[in-house]
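Novice: After the structure tokens below, expect a handful of questions from me.
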Amino acid sequence: MRFGVGTFALLVPLLGAVGLFPLPISPVTQTIIIIILAGPAIAALLTLPNALVADITTYDASVTGARREAMYFGVQGFLVNVGQGLAEATVAWQLSFFGSSPSRPWGIRLAPLMSGIFALASFLIFKKYSLAEPKPAPAP
């Protein structure tokens, strides 16, 4: 997860700089290269959160003896939806404030940078994450 978030934080902000510098390749090719390089990170971010929640629920069950997967996945779904809503509101504000047209493109160019900043914050949070070995559940 740390690799995926860290790679995402490094590569996705580059999308905001596509076409700004005189490079020997077209902006479309620049975009394709960045997306290909970020592909594994994006795949990790789309798949690993559920595996992390599964690890947490397994650990919780081994410690408490209770099976509470629905609660954990429900909270995860709620937090994902809250984050998605905040992201959509932030991008809408960003586009209206900084622009979203060829004459005012900075709202669009800043969106990948904001994604990278939030991914970096996530990386720093996950840097402290560690799952200890499960302890056996107490006997009933």
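By order in the structure tokens, chains are A, B, ...; within a chain, residues start at 1; ligands start at 1, following the order shown.
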Could you pull out the residues in chain A that DSSP calls alpha helix (DSSP H) from the backbone, as a PyMOL selection string?
Specialist: chain A and resi 2-11+27-64+69-98+106-126
Novice: I'd like the neighbourhood of Thr47 in chain A as a list in words, where a residue qualifies if any of its atoms comes within 10 Å (using only C-alpha atoms), though same-chain residues fewer than 5 positions away should be ignored.
Specialist: Met1, Ile42 and Leu52 of chain A
Novice: Measuring between only C-alpha atoms, which one of A:Leu11, A:Leu45, A:Ala111, A:Ile125 shows the shortest distance to Glu88 in chain A?
Specialist: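 Checking each of A:Leu11, A:Leu45, A:Ala111, A:Ile125 against Glu88 in chain A, counting only C-alpha atoms, the winner is A:Ala111.
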Novice: Could you pull the residues within 12 Å of Met114 in chain A, counting only C-alpha atoms, minus those fewer than 5 positions along the same chain, as a PyMOL selection string?
Specialist: chain A and resi 8-10+12-16+87-88+90-91+94+106-109+119-121
Novice: Between A:Pro22, A:Pro27, A:Pro40, A:Gly74, single out the one closest to Gly6 in chain A, counting only C-alpha atoms.
Specialist: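 Checking each of A:Pro22, A:Pro27, A:Pro40, A:Gly74 against Gly6 in chain A, counting only C-alpha atoms, the winner is A:Pro40.
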